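As stored in start28.csv (CSV, C-alpha atoms (C1' of nucleotides)):
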```
chain,number,residue,atom,x,y,z
L,1,MET,CA,9.4,-21.6,4.5
L,2,ASP,CA,9.6,-17.9,3.7
L,3,VAL,CA,8.2,-15.7,1.0
L,4,LYS,CA,11.1,-16.6,-1.3
L,5,THR,CA,10.2,-20.3,-1.3
L,6,VAL,CA,6.5,-19.7,-1.7
L,7,CYS,CA,7.2,-17.5,-4.7
L,8,LEU,CA,9.4,-20.3,-6.1
L,9,GLY,CA,6.5,-22.7,-5.6
L,10,MET,CA,4.1,-20.4,-7.3
L,11,LEU,CA,6.4,-20.2,-10.3
L,12,SER,CA,6.6,-24.0,-10.4
L,13,ASP,CA,3.0,-23.8,-11.6
L,14,GLY,CA,3.8,-21.4,-14.5
L,15,GLU,CA,5.6,-18.2,-15.2
L,16,ALA,CA,4.5,-14.9,-13.7
L,17,SER,CA,5.5,-11.4,-12.9
L,18,GLY,CA,5.8,-9.9,-9.4
L,19,TYR,CA,2.5,-8.2,-9.9
L,20,ASP,CA,0.9,-11.6,-10.8
L,21,LEU,CA,2.3,-13.2,-7.7
L,22,LYS,CA,0.9,-10.5,-5.5
L,23,LYS,CA,-2.5,-11.2,-6.9
L,24,HIS,CA,-2.0,-14.8,-6.2
L,25,PHE,CA,-1.0,-14.0,-2.6
L,26,GLU,CA,-4.1,-11.9,-2.2
L,27,SER,CA,-6.5,-14.4,-3.6
L,28,THR,CA,-5.8,-18.1,-3.0
L,29,PHE,CA,-3.0,-17.7,-0.5
L,30,GLY,CA,-4.5,-14.8,1.3
L,31,HIS,CA,-6.1,-16.8,4.2
L,32,PHE,CA,-2.8,-18.4,5.3
L,33,PHE,CA,0.2,-16.6,3.9
L,34,ALA,CA,0.3,-12.9,3.3
L,35,ALA,CA,3.0,-11.0,1.3
L,36,GLY,CA,3.3,-7.5,-0.1
L,37,TYR,CA,5.4,-6.0,-2.9
L,38,GLY,CA,8.0,-5.2,-0.3
L,39,SER,CA,8.6,-8.9,0.2
L,40,ILE,CA,7.9,-10.2,-3.2
L,41,TYR,CA,10.1,-8.1,-5.4
L,42,PRO,CA,13.2,-8.6,-3.2
L,43,ALA,CA,12.4,-12.3,-3.1
L,44,LEU,CA,12.4,-12.5,-6.9
L,45,SER,CA,15.7,-10.6,-7.1
L,46,ALA,CA,17.2,-13.1,-4.7
L,47,LEU,CA,15.8,-16.1,-6.6
L,48,LEU,CA,17.3,-14.6,-9.8
L,49,ALA,CA,20.7,-14.2,-8.1
L,50,ASP,CA,20.5,-17.8,-6.9
L,51,GLY,CA,19.8,-19.0,-10.4
L,52,PHE,CA,16.5,-20.5,-9.3
L,53,VAL,CA,14.4,-18.4,-11.7
L,54,ALA,CA,15.1,-16.8,-15.1
L,55,CYS,CA,13.6,-13.5,-16.2
L,56,ARG,CA,12.3,-12.1,-19.5
L,57,GLU,CA,11.2,-8.5,-20.0
L,58,GLU,CA,8.0,-8.0,-21.9
L,59,SER,CA,7.1,-4.7,-23.4
L,60,GLN,CA,3.4,-3.9,-23.6
L,61,SER,CA,1.6,-1.2,-25.5
L,62,GLY,CA,0.1,1.4,-23.3
L,63,ARG,CA,1.2,-0.5,-20.2
L,64,PRO,CA,4.4,-0.6,-18.1
L,65,ASP,CA,6.9,-3.2,-19.0
L,66,ARG,CA,6.6,-6.4,-17.1
L,67,LYS,CA,9.3,-8.9,-15.9
L,68,VAL,CA,8.1,-12.4,-16.4
L,69,TYR,CA,9.8,-15.0,-14.2
L,70,ARG,CA,10.0,-18.7,-14.8
L,71,ILE,CA,11.5,-21.4,-12.7
L,72,THR,CA,14.8,-23.1,-13.8
L,73,ASP,CA,15.8,-26.7,-13.3
L,74,ALA,CA,18.0,-25.7,-10.4
L,75,GLY,CA,15.1,-23.8,-8.9
L,76,ARG,CA,12.8,-26.9,-9.2
L,77,GLN,CA,15.4,-29.0,-7.6
L,78,ALA,CA,15.9,-26.5,-4.7
L,79,LEU,CA,12.1,-26.3,-4.2
L,80,CYS,CA,11.7,-30.1,-4.0
L,81,HIS,CA,14.6,-30.3,-1.6
L,82,SER,CA,13.1,-27.6,0.6
L,83,LEU,CA,9.7,-29.1,0.6
L,84,ASN,CA,11.0,-32.6,1.5
L,85,THR,CA,13.3,-31.5,4.3
L,86,SER,CA,11.5,-28.6,6.1
L,87,LYS,CA,9.4,-28.8,9.2
L,88,PRO,CA,6.7,-26.3,8.4
L,89,GLY,CA,5.0,-24.4,11.2
L,90,HIS,CA,1.4,-23.2,11.5
L,91,LYS,CA,1.3,-20.0,13.5
L,92,VAL,CA,-1.7,-17.9,14.5
L,93,ARG,CA,-1.3,-14.4,15.7
L,94,SER,CA,-4.7,-13.2,16.8
L,95,GLU,CA,-5.0,-9.8,18.1
L,96,PHE,CA,-8.7,-10.5,18.1
L,97,MET,CA,-8.4,-13.4,20.6
L,98,ALA,CA,-5.9,-11.4,22.7
L,99,THR,CA,-8.4,-8.5,22.8
L,100,MET,CA,-11.3,-10.8,23.6
L,101,CYS,CA,-9.5,-12.1,26.7
L,102,PHE,CA,-10.1,-8.7,28.2
L,103,ALA,CA,-13.7,-8.4,27.0
L,104,HIS,CA,-14.8,-7.4,30.5
L,105,LEU,CA,-12.8,-4.1,30.0
L,106,MET,CA,-14.6,-3.2,26.8
L,107,ASP,CA,-17.9,-1.6,26.2
L,108,GLU,CA,-20.6,-3.5,24.5
L,109,LYS,CA,-20.6,-1.6,21.3
L,110,GLN,CA,-16.9,-2.3,20.6
L,111,LEU,CA,-17.4,-6.0,21.6
L,112,ASP,CA,-20.3,-6.2,19.1
L,113,ARG,CA,-18.2,-4.5,16.4
L,114,LEU,CA,-15.4,-6.9,16.8
L,115,LEU,CA,-17.5,-10.0,16.7
L,116,GLN,CA,-19.5,-8.7,13.7
L,117,HIS,CA,-16.3,-7.8,11.9
L,118,ARG,CA,-14.9,-11.3,12.4
L,119,ILE,CA,-18.1,-12.8,11.0
L,120,GLU,CA,-18.0,-10.6,8.0
L,121,GLU,CA,-14.4,-11.4,7.3
L,122,ALA,CA,-15.4,-15.1,7.5
L,123,ASP,CA,-18.2,-14.5,5.0
L,124,GLU,CA,-15.8,-12.8,2.6
L,125,TYR,CA,-13.5,-15.8,2.8
L,126,LEU,CA,-16.4,-18.2,2.2
L,127,ARG,CA,-17.5,-16.2,-0.9
L,128,MET,CA,-13.9,-16.5,-2.0
L,129,PHE,CA,-13.8,-20.2,-1.5
L,130,ASP,CA,-17.1,-20.5,-3.4
L,131,GLU,CA,-15.7,-18.7,-6.3
L,132,ILE,CA,-12.5,-20.7,-6.4
L,133,GLU,CA,-14.4,-23.9,-6.3
L,134,SER,CA,-16.7,-22.9,-9.1
L,135,THR,CA,-14.0,-21.5,-11.4
L,136,CYS,CA,-10.3,-22.6,-11.1
L,137,MET,CA,-10.2,-25.4,-8.6
L,138,HIS,CA,-11.0,-28.2,-11.0
L,139,ASP,CA,-7.5,-28.1,-12.6
L,140,TRP,CA,-5.7,-27.7,-9.3
L,141,PRO,CA,-3.4,-30.4,-7.9
L,142,ALA,CA,-4.7,-32.3,-4.9
L,143,GLY,CA,-2.6,-30.4,-2.5
L,144,LYS,CA,-4.1,-27.1,-3.4
L,145,LYS,CA,-7.6,-28.6,-3.1
L,146,PHE,CA,-6.7,-29.9,0.3
L,147,VAL,CA,-5.6,-26.5,1.4
L,148,CYS,CA,-8.6,-24.7,0.0
L,149,GLY,CA,-10.9,-27.2,1.8
L,150,PHE,CA,-8.9,-26.7,5.0
L,151,GLY,CA,-9.3,-23.0,4.8
L,152,ARG,CA,-13.0,-23.4,4.3
L,153,ALA,CA,-13.3,-25.8,7.2
L,154,LEU,CA,-11.5,-23.4,9.6
L,155,THR,CA,-13.5,-20.4,8.4
L,156,GLU,CA,-16.8,-22.3,8.8
L,157,ALA,CA,-15.7,-23.4,12.3
L,158,THR,CA,-14.8,-19.8,13.1
L,159,LYS,CA,-18.2,-18.4,12.0
L,160,LYS,CA,-20.1,-21.2,13.8
L,161,TYR,CA,-18.3,-20.7,17.0
L,162,ILE,CA,-18.7,-17.0,17.1
L,163,GLU,CA,-22.4,-17.2,16.3
L,164,GLU,CA,-23.1,-19.8,18.9
L,165,ASN,CA,-21.1,-18.3,21.6
L,166,ARG,CA,-21.3,-14.5,21.3
L,167,ASP,CA,-23.8,-14.4,24.1
L,168,LEU,CA,-21.0,-15.7,26.3
L,169,VAL,CA,-19.5,-12.2,26.2
L,170,CYS,CA,-22.3,-9.9,25.1
L,171,GLU,CA,-25.7,-9.3,26.8
L,172,ARG,CA,-24.3,-9.2,30.3
L,173,PRO,CA,-25.4,-6.9,33.1
L,174,ALA,CA,-24.2,-3.4,32.3
L,175,THR,CA,-22.4,-3.1,35.7
L,176,GLN,CA,-19.7,-5.5,34.6
L,177,ARG,CA,-18.6,-3.2,31.9
L,178,SER,CA,-16.2,-0.4,32.9
L,179,ALA,CA,-16.0,2.9,31.2
L,180,SER,CA,-13.4,3.3,28.5
L,181,GLY,CA,-10.3,5.6,28.4
W,1,MET,CA,-2.1,-5.0,19.6
W,2,ASP,CA,1.5,-5.9,20.3
W,3,VAL,CA,3.3,-7.8,23.0
W,4,LYS,CA,3.4,-4.7,25.1
W,5,THR,CA,-0.3,-4.4,25.2
W,6,VAL,CA,-0.9,-8.1,25.9
W,7,CYS,CA,1.5,-7.9,28.8
W,8,LEU,CA,-0.4,-5.0,30.1
W,9,GLY,CA,-3.6,-6.9,29.8
W,10,MET,CA,-2.2,-9.9,31.6
W,11,LEU,CA,-1.0,-7.6,34.4
W,12,SER,CA,-4.6,-6.2,34.7
W,13,ASP,CA,-5.5,-9.7,36.1
W,14,GLY,CA,-2.9,-9.5,38.8
W,15,GLU,CA,0.8,-8.8,39.4
W,16,ALA,CA,3.4,-10.9,37.8
W,17,SER,CA,7.1,-11.1,36.9
W,18,GLY,CA,8.4,-11.4,33.3
W,19,TYR,CA,9.0,-15.1,34.0
W,20,ASP,CA,5.4,-15.5,35.1
W,21,LEU,CA,4.2,-13.8,31.9
W,22,LYS,CA,6.3,-16.1,29.7
W,23,LYS,CA,4.6,-19.1,31.4
W,24,HIS,CA,1.2,-17.5,30.7
W,25,PHE,CA,2.2,-16.9,27.0
W,26,GLU,CA,3.3,-20.5,26.7
W,27,SER,CA,0.2,-22.0,28.3
W,28,THR,CA,-3.1,-20.2,27.8
W,29,PHE,CA,-2.0,-17.7,25.1
W,30,GLY,CA,0.2,-20.1,23.3
W,31,HIS,CA,-2.2,-21.1,20.6
W,32,PHE,CA,-2.9,-17.6,19.3
W,33,PHE,CA,-0.1,-15.3,20.5
W,34,ALA,CA,3.5,-16.2,21.0
W,35,ALA,CA,6.1,-14.2,22.8
W,36,GLY,CA,9.6,-15.0,24.1
W,37,TYR,CA,11.8,-13.3,26.8
W,38,GLY,CA,13.3,-11.2,24.0
W,39,SER,CA,10.0,-9.5,23.6
W,40,ILE,CA,8.6,-9.7,27.1
W,41,TYR,CA,11.4,-8.1,29.1
W,42,PRO,CA,11.8,-5.1,26.7
W,43,ALA,CA,8.0,-4.7,26.8
W,44,LEU,CA,8.0,-4.5,30.6
W,45,SER,CA,10.8,-1.9,30.5
W,46,ALA,CA,8.8,0.1,28.1
W,47,LEU,CA,5.6,-0.1,30.2
W,48,LEU,CA,7.6,1.0,33.2
W,49,ALA,CA,9.0,3.9,31.3
W,50,ASP,CA,5.5,4.9,30.2
W,51,GLY,CA,4.3,4.7,33.8
W,52,PHE,CA,1.7,2.0,32.9
W,53,VAL,CA,3.2,-0.5,35.4
W,54,ALA,CA,5.1,-0.2,38.7
W,55,CYS,CA,7.8,-2.6,39.8
W,56,ARG,CA,8.8,-4.1,43.1
W,57,GLU,CA,11.9,-6.2,43.6
W,58,GLU,CA,11.4,-9.4,45.7
W,59,SER,CA,14.3,-11.2,47.3
W,60,GLN,CA,13.9,-14.9,47.5
W,61,SER,CA,16.0,-17.4,49.5
W,62,GLY,CA,17.9,-19.8,47.3
W,63,ARG,CA,16.3,-18.3,44.1
W,64,PRO,CA,17.1,-15.3,41.9
W,65,ASP,CA,15.5,-12.1,42.8
W,66,ARG,CA,12.3,-11.4,40.9
W,67,LYS,CA,10.8,-8.2,39.7
W,68,VAL,CA,7.1,-8.1,40.3
W,69,TYR,CA,5.1,-5.8,38.1
W,70,ARG,CA,1.7,-4.4,38.8
W,71,ILE,CA,-0.5,-2.2,36.6
W,72,THR,CA,-1.1,1.4,37.5
W,73,ASP,CA,-4.2,3.5,37.1
W,74,ALA,CA,-2.6,5.2,34.0
W,75,GLY,CA,-1.9,1.7,32.7
W,76,ARG,CA,-5.4,0.5,33.2
W,77,GLN,CA,-6.7,3.6,31.5
W,78,ALA,CA,-4.3,3.1,28.6
W,79,LEU,CA,-5.3,-0.5,28.3
W,80,CYS,CA,-9.1,0.2,28.2
W,81,HIS,CA,-8.5,2.9,25.6
W,82,SER,CA,-6.4,0.6,23.5
W,83,LEU,CA,-9.0,-2.2,23.7
W,84,ASN,CA,-11.9,0.1,22.9
W,85,THR,CA,-10.3,1.8,19.9
W,86,SER,CA,-8.2,-0.8,18.1
W,87,LYS,CA,-9.1,-2.9,15.1
W,88,PRO,CA,-7.6,-6.2,16.0
W,89,GLY,CA,-6.5,-8.6,13.2
W,90,HIS,CA,-6.4,-12.3,13.1
W,91,LYS,CA,-3.5,-13.6,11.0
W,92,VAL,CA,-2.5,-17.1,10.1
W,93,ARG,CA,0.9,-17.8,8.8
W,94,SER,CA,0.9,-21.4,7.8
W,95,GLU,CA,4.0,-22.8,6.3
W,96,PHE,CA,2.2,-26.1,6.6
W,97,MET,CA,-0.6,-25.0,4.1
W,98,ALA,CA,2.0,-23.4,1.8
W,99,THR,CA,3.9,-26.6,1.7
W,100,MET,CA,0.8,-28.7,1.2
W,101,CYS,CA,0.0,-26.6,-1.9
W,102,PHE,CA,2.9,-28.4,-3.5
W,103,ALA,CA,2.2,-31.8,-2.2
W,104,HIS,CA,2.7,-33.2,-5.7
W,105,LEU,CA,6.4,-32.4,-5.4
W,106,MET,CA,6.8,-34.2,-2.1
W,107,ASP,CA,7.4,-37.9,-1.4
W,108,GLU,CA,4.8,-39.8,0.5
W,109,LYS,CA,6.9,-40.2,3.6
W,110,GLN,CA,7.3,-36.5,4.1
W,111,LEU,CA,3.6,-35.9,3.3
W,112,ASP,CA,2.7,-38.5,6.0
W,113,ARG,CA,5.1,-36.9,8.5
W,114,LEU,CA,3.6,-33.5,8.0
W,115,LEU,CA,0.0,-34.6,8.4
W,116,GLN,CA,0.9,-36.8,11.4
W,117,HIS,CA,2.8,-34.0,13.0
W,118,ARG,CA,-0.1,-31.6,12.6
W,119,ILE,CA,-2.5,-34.1,14.2
W,120,GLU,CA,-0.2,-34.6,17.1
W,121,GLU,CA,0.1,-30.9,17.6
W,122,ALA,CA,-3.7,-30.7,17.6
W,123,ASP,CA,-3.8,-33.4,20.2
W,124,GLU,CA,-1.4,-31.6,22.4
W,125,TYR,CA,-3.5,-28.5,22.3
W,126,LEU,CA,-6.6,-30.5,23.0
W,127,ARG,CA,-5.0,-31.9,26.1
W,128,MET,CA,-4.0,-28.4,27.1
W,129,PHE,CA,-7.6,-27.2,26.7
W,130,ASP,CA,-8.8,-30.2,28.8
W,131,GLU,CA,-6.4,-29.3,31.6
W,132,ILE,CA,-7.4,-25.6,31.5
W,133,GLU,CA,-11.1,-26.5,31.7
W,134,SER,CA,-10.7,-28.8,34.6
W,135,THR,CA,-8.4,-26.6,36.7
W,136,CYS,CA,-8.4,-22.8,36.3
W,137,MET,CA,-11.1,-21.9,33.8
W,138,HIS,CA,-13.9,-21.7,36.4
W,139,ASP,CA,-12.7,-18.4,37.8
W,140,TRP,CA,-11.9,-16.9,34.4
W,141,PRO,CA,-13.8,-13.9,33.0
W,142,ALA,CA,-16.2,-14.7,30.1
W,143,GLY,CA,-13.8,-13.4,27.5
W,144,LYS,CA,-11.1,-15.8,28.3
W,145,LYS,CA,-13.6,-18.7,28.4
W,146,PHE,CA,-14.8,-17.6,24.9
W,147,VAL,CA,-11.2,-17.6,23.6
W,148,CYS,CA,-10.4,-21.0,25.1
W,149,GLY,CA,-13.5,-22.4,23.5
W,150,PHE,CA,-12.6,-20.8,20.3
W,151,GLY,CA,-9.2,-22.4,20.3
W,152,ARG,CA,-10.7,-25.7,21.0
W,153,ALA,CA,-13.2,-25.4,18.2
W,154,LEU,CA,-10.5,-24.5,15.7
W,155,THR,CA,-8.2,-27.2,16.9
W,156,GLU,CA,-11.0,-29.8,16.6
W,157,ALA,CA,-11.9,-28.6,13.2
W,158,THR,CA,-8.2,-28.9,12.2
W,159,LYS,CA,-7.9,-32.4,13.4
W,160,LYS,CA,-11.2,-33.5,11.9
W,161,TYR,CA,-10.4,-32.0,8.5
W,162,ILE,CA,-7.0,-33.6,8.2
W,163,GLU,CA,-8.2,-37.0,9.3
W,164,GLU,CA,-11.1,-36.9,6.9
W,165,ASN,CA,-9.2,-35.6,3.9
W,166,ARG,CA,-5.7,-36.9,4.1
W,167,ASP,CA,-6.5,-39.5,1.5
W,168,LEU,CA,-6.9,-36.5,-0.9
W,169,VAL,CA,-3.2,-36.1,-1.0
W,170,CYS,CA,-1.8,-39.5,0.2
W,171,GLU,CA,-2.4,-42.9,-1.3
W,172,ARG,CA,-2.1,-41.8,-4.9
W,173,PRO,CA,-0.5,-43.7,-7.7
W,174,ALA,CA,3.3,-43.5,-7.2
W,175,THR,CA,3.9,-42.1,-10.7
W,176,GLN,CA,2.4,-38.8,-9.6
W,177,ARG,CA,5.2,-38.3,-7.1
W,178,SER,CA,8.4,-36.8,-8.4
W,179,ALA,CA,11.8,-37.7,-6.8
W,180,SER,CA,13.2,-35.2,-4.3
W,181,GLY,CA,16.3,-33.1,-4.6
N,1,DA,C1',-11.6,15.7,-12.3
N,2,DT,C1',-10.7,11.7,-9.8
N,3,DC,C1',-9.8,7.2,-8.8
N,4,DC,C1',-8.4,2.6,-9.8
N,5,DC,C1',-5.5,-0.6,-12.5
N,6,DC,C1',-1.4,-1.6,-14.4
N,7,DA,C1',3.8,-2.3,-13.0
N,8,DT,C1',8.3,-2.0,-10.6
N,9,DG,C1',11.3,-1.1,-7.1
N,10,DT,C1',13.9,1.0,-2.8
N,11,DA,C1',14.5,2.7,1.9
N,12,DA,C1',13.2,3.3,6.5
N,13,DT,C1',11.1,1.5,10.2
N,14,DT,C1',9.0,-1.8,13.1
N,15,DT,C1',8.9,-6.2,15.2
N,16,DG,C1',10.1,-10.3,16.7
N,17,DT,C1',13.6,-14.3,17.1
N,18,DT,C1',17.8,-16.4,18.5
N,19,DA,C1',21.9,-16.6,20.7
N,20,DC,C1',24.5,-15.1,24.4
N,21,DA,C1',25.6,-14.2,29.4
N,22,DT,C1',25.1,-15.6,34.4
N,23,DG,C1',24.2,-18.6,38.3
N,24,DA,C1',22.1,-21.1,42.5
N,25,DT,C1',18.9,-25.1,43.7
N,26,DT,C1',16.5,-29.3,43.2
N,27,DG,C1',15.4,-33.9,41.6
N,28,DA,C1',16.7,-38.1,38.9
S,1,DT,C1',26.6,-35.8,37.5
S,2,DC,C1',23.3,-34.1,34.6
S,3,DA,C1',19.3,-31.8,33.3
S,4,DA,C1',15.7,-28.8,34.5
S,5,DT,C1',13.6,-24.9,36.9
S,6,DC,C1',13.9,-20.4,38.5
S,7,DA,C1',15.2,-15.6,37.0
S,8,DT,C1',16.8,-11.4,34.2
S,9,DG,C1',18.4,-9.2,30.6
S,10,DT,C1',21.2,-7.6,26.0
S,11,DA,C1',22.9,-7.8,21.4
S,12,DA,C1',22.8,-9.4,16.9
S,13,DC,C1',20.1,-10.8,13.4
S,14,DA,C1',16.1,-11.9,10.4
S,15,DA,C1',11.9,-10.7,8.3
S,16,DA,C1',8.2,-8.3,7.0
S,17,DT,C1',5.4,-3.9,6.8
S,18,DT,C1',4.9,0.8,5.4
S,19,DA,C1',6.0,4.7,3.0
S,20,DC,C1',8.1,6.6,-0.7
S,21,DA,C1',8.9,7.3,-5.8
S,22,DT,C1',7.1,7.1,-10.7
S,23,DG,C1',3.7,7.3,-14.5
S,24,DG,C1',0.4,6.2,-18.5
S,25,DG,C1',-4.3,4.5,-19.6
S,26,DG,C1',-9.2,3.7,-18.8
S,27,DA,C1',-13.5,4.1,-16.5
S,28,DT,C1',-17.0,7.0,-13.8
```

Hey, can you dump this file as structure tokens for me?
Amino acid sequence: MDVKTVCLGMLSDGEASGYDLKKHFESTFGHFFAAGYGSIYPALSALLADGFVACREESQSGRPDRKVYRITDAGRQALCHSLNTSKPGHKVRSEFMATMCFAHLMDEKQLDRLLQHRIEEADEYLRMFDEIESTCMHDWPAGKKFVCGFGRALTEATKKYIEENRDLVCERPATQRSASG
Amino acid sequence: MDVKTVCLGMLSDGEASGYDLKKHFESTFGHFFAAGYGSIYPALSALLADGFVACREESQSGRPDRKVYRITDAGRQALCHSLNTSKPGHKVRSEFMATMCFAHLMDEKQLDRLLQHRIEEADEYLRMFDEIESTCMHDWPAGKKFVCGFGRALTEATKKYIEENRDLVCERPATQRSASG
DNA sequence: ATCCCCATGTAATTTGTTACATGATTGA
DNA sequence: TCAATCATGTAACAAATTACATGGGGAT
């Protein structure tokens, strides 16, 4: 499942512009599937060429024109087929964990910074989940609620683990740390 | 932090061949940082060109020759510098979650398959963590232990969440499900 | 003044994946 | 006899990120 398919899925919930989709990627999809304009706009062009979406241009006063995309019947069919036949993966690429493997080569300040940063990022996500739950989640389909809860569970587990285990890598005798660079 | 740096880090724990590194990627690093031969061998060539590793060719009877790489002083310095200055990310790319967002467009069999598959993958990882903990973890540095525990915590949270919430998306009235394709 | 929001897109670059190419040995 | 393990590497391909390019309106 690539950016193209995710865009198609988003459009199955209602029409939107590329700019709108980016917002959606940043907010509700941000914690598990990132995409920038450089992927979204080409994806929409490809979907249009495939006949999976249709496009209408909207003029706005004092604003740039926007291209509003909506899914077609063919698009809906292709989406369903894709969802029902694919074997979706779940990949983590954590430079953080890779770095932590070599904690003994880092100085304590950097180590602290990294752990602190990760906790703060977790807090940001938790605030986001709170907001989603208190505003738009009520009219979401079950699948999206499941995913939101999943994100929260993983984020909470992350925060808890780091808080409970940071002394495993910090607060060691200074001699174990080597000088940097 | 790219494959090149992770390879360099692995070599800071002791010399190894590209084949050995691949094994390492598959086992202990597999749950958070994937790399295939297509990335590893070019990475080693680049590290050699940079002077960050040295290489010795070993002839073996009845086996292909192996190129054993070891880190140099310059390499160790570069690694430390990289570890102490980088801002490592932690990215999740979950086609699984993206797919689950559109659970209402899937048939129940596919939904069951996906959830089951995810639980099985979690179980595999848990077995891996068990093995690591009972065999090699005792002589690991604190950072690696931290990462292993982190992986276990996330995997357990994953399994728990899916088991406790799968009825959110499954076992719904059949009318909510649309036909596929 | 300056920055952010709106809004679209292309091009270059980076990065990683997959397939290809080779070949002896060992165990089932 | 067949598959797996050991062992290295290249080339083609796919995919996403980053930078570039443009420009008015509104808030501080």

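Reported to one decimal place, the separation of C1' of DG23 (chain S) from C1' of DA11 (chain N) is 20.2 Å.
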
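Within the 12 Å cut-off around Lys23 (chain L), using only C-alpha atoms (C1' of nucleotides) and omitting residues fewer than 2 positions from it on the same chain, the listed residues are Cys7, Met10, Ala16, Ser17, Gly18, Tyr19, Asp20, Leu21, Phe25, Glu26, Ser27, Thr28, Phe29, Gly30, Ala34, Ala35, Gly36, Tyr37 and Ile40 of chain L.
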
Scan for residues within 10 Å of the point (3.2, -9.0, 7.7) in the coordinates of the file, using only C-alpha atoms (C1' of nucleotides), and reply as number ranges by chain.
-> L: 33-36, 39; W: 91, 93; N: 15; S: 15-17

Which is closest to chain N among W:Glu156, W:Asp107, W:Asp2, W:Asp167, if we use only C-alpha atoms (C1' of nucleotides)?
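Nearest to chain N: W:Asp2.
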
Show me, as a compact mmCIF listing (two decimals) with C-alpha atoms, keeping the file's coordinate frame, the residues that have an atom within 10 Å of Leu48 (chain L) when counting all atoms listed in the file, minus same-chain residues fewer than 5 positions from it.
```txt
# COMPACT_ATOMS: atom_id res chain seq x y z
CA PRO L 42 13.20 -8.60 -3.20
CA ALA L 43 12.40 -12.30 -3.10
CA VAL L 53 14.40 -18.40 -11.70
CA ALA L 54 15.10 -16.80 -15.10
CA CYS L 55 13.60 -13.50 -16.20
CA TYR L 69 9.80 -15.00 -14.20
CA ARG L 70 10.00 -18.70 -14.80
CA ILE L 71 11.50 -21.40 -12.70
CA THR L 72 14.80 -23.10 -13.80
CA GLY L 75 15.10 -23.80 -8.90
```

Find the residues near region 22-28 of chain N: any atom within 9 Å, counting all atoms listed in the file, skip ones fewer than 6 places away on the same chain, and give them as a short mmCIF file (atom, residue, chain, number, x, y, z; two decimals) with C-alpha atoms (C1' of nucleotides), in the frame of the given file.
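Final file, part.cif:
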```cif
data_model
loop_
_atom_site.label_atom_id
_atom_site.label_comp_id
_atom_site.auth_asym_id
_atom_site.auth_seq_id
_atom_site.Cartn_x
_atom_site.Cartn_y
_atom_site.Cartn_z
CA GLY W 62 17.90 -19.80 47.30
CA ARG W 63 16.30 -18.30 44.10
CA PRO W 64 17.10 -15.30 41.90
"C1'" DC S 2 23.30 -34.10 34.60
"C1'" DA S 3 19.30 -31.80 33.30
"C1'" DA S 4 15.70 -28.80 34.50
"C1'" DT S 5 13.60 -24.90 36.90
"C1'" DC S 6 13.90 -20.40 38.50
#
```

Counting all atoms listed in the file, closest pick from S:DG26, S:DT1, S:DC13, S:DA21 relative to chain L is S:DG26

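Atom to atom, C1' of DC6 (chain N) and CA of Val3 (chain L) stand 23.0 Å apart.
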
message = Ranking N:DA1, N:DA7, N:DA21, N:DA12 by minimum distance to Ser59 (chain L) and counting all atoms listed in the file, which one comes first?
response =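 Of N:DA1, N:DA7, N:DA21, N:DA12, the one nearest Ser59 (chain L) is N:DA7, counting all atoms listed in the file.
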
If you take all atoms listed in the file and a cut-off of 7 Å, which residues of chain L touch chain W, and what are their nearest atom pairs and distances in Å to one decimal, in chain and number order, as CSV?
```
residue,atom,partner,partner_atom,distance
L:Met1,CA,W:Glu95,CA,5.8
L:Val6,CA,W:Ala98,CA,6.8
L:His31,CA,W:Val92,CA,6.9
L:Phe32,CA,W:Val92,CA,5.0
L:Phe33,CA,W:Arg93,CA,5.1
L:Gln77,CA,W:Gly181,CA,5.2
L:Ala78,CA,W:Gly181,CA,6.6
L:Cys80,CA,W:Ser180,CA,5.3
L:His81,CA,W:Gly181,CA,4.4
L:Leu83,CA,W:Thr99,CA,6.4
L:Asn84,CA,W:Met106,CA,5.8
L:Pro88,CA,W:Phe96,CA,4.9
L:Gly89,CA,W:Glu95,CA,5.3
L:His90,CA,W:Ser94,CA,4.1
L:Lys91,CA,W:Arg93,CA,5.2
L:Val92,CA,W:Val92,CA,4.5
L:Arg93,CA,W:Phe33,CA,5.0
L:Ser94,CA,W:His90,CA,4.2
L:Glu95,CA,W:Pro88,CA,4.9
L:Phe96,CA,W:Pro88,CA,4.9
L:Met97,CA,W:Val147,CA,5.9
L:Ala98,CA,W:Val6,CA,6.8
L:Thr99,CA,W:Leu83,CA,6.4
L:Met100,CA,W:Gly143,CA,5.3
L:Cys101,CA,W:Lys144,CA,4.3
L:Phe102,CA,W:Gly143,CA,6.0
L:Ala103,CA,W:Gly143,CA,5.0
L:His104,CA,W:Gly143,CA,6.8
L:Leu105,CA,W:Cys80,CA,6.0
L:Met106,CA,W:Asn84,CA,5.8
L:Gln110,CA,W:Asn84,CA,6.0
L:Ala142,CA,W:Val169,CA,5.6
L:Gly143,CA,W:Cys101,CA,4.6
L:Lys144,CA,W:Cys101,CA,4.4
L:Phe146,CA,W:Leu168,CA,6.7
L:Val147,CA,W:Met97,CA,5.9
L:Phe150,CA,W:Tyr161,CA,6.5
L:Ala153,CA,W:Ala157,CA,6.8
L:Leu154,CA,W:Leu154,CA,6.3
L:Ala157,CA,W:Leu154,CA,6.3
L:Thr158,CA,W:Leu154,CA,6.9
L:Tyr161,CA,W:Phe150,CA,6.6
L:Leu168,CA,W:Ala142,CA,6.2
L:Val169,CA,W:Ala142,CA,5.7
L:Ser180,CA,W:Cys80,CA,5.3
L:Gly181,CA,W:His81,CA,4.3
```

Students should find that C1' of DG9 (chain S) and CA of Gln60 (chain W) are spaced 18.4 Å
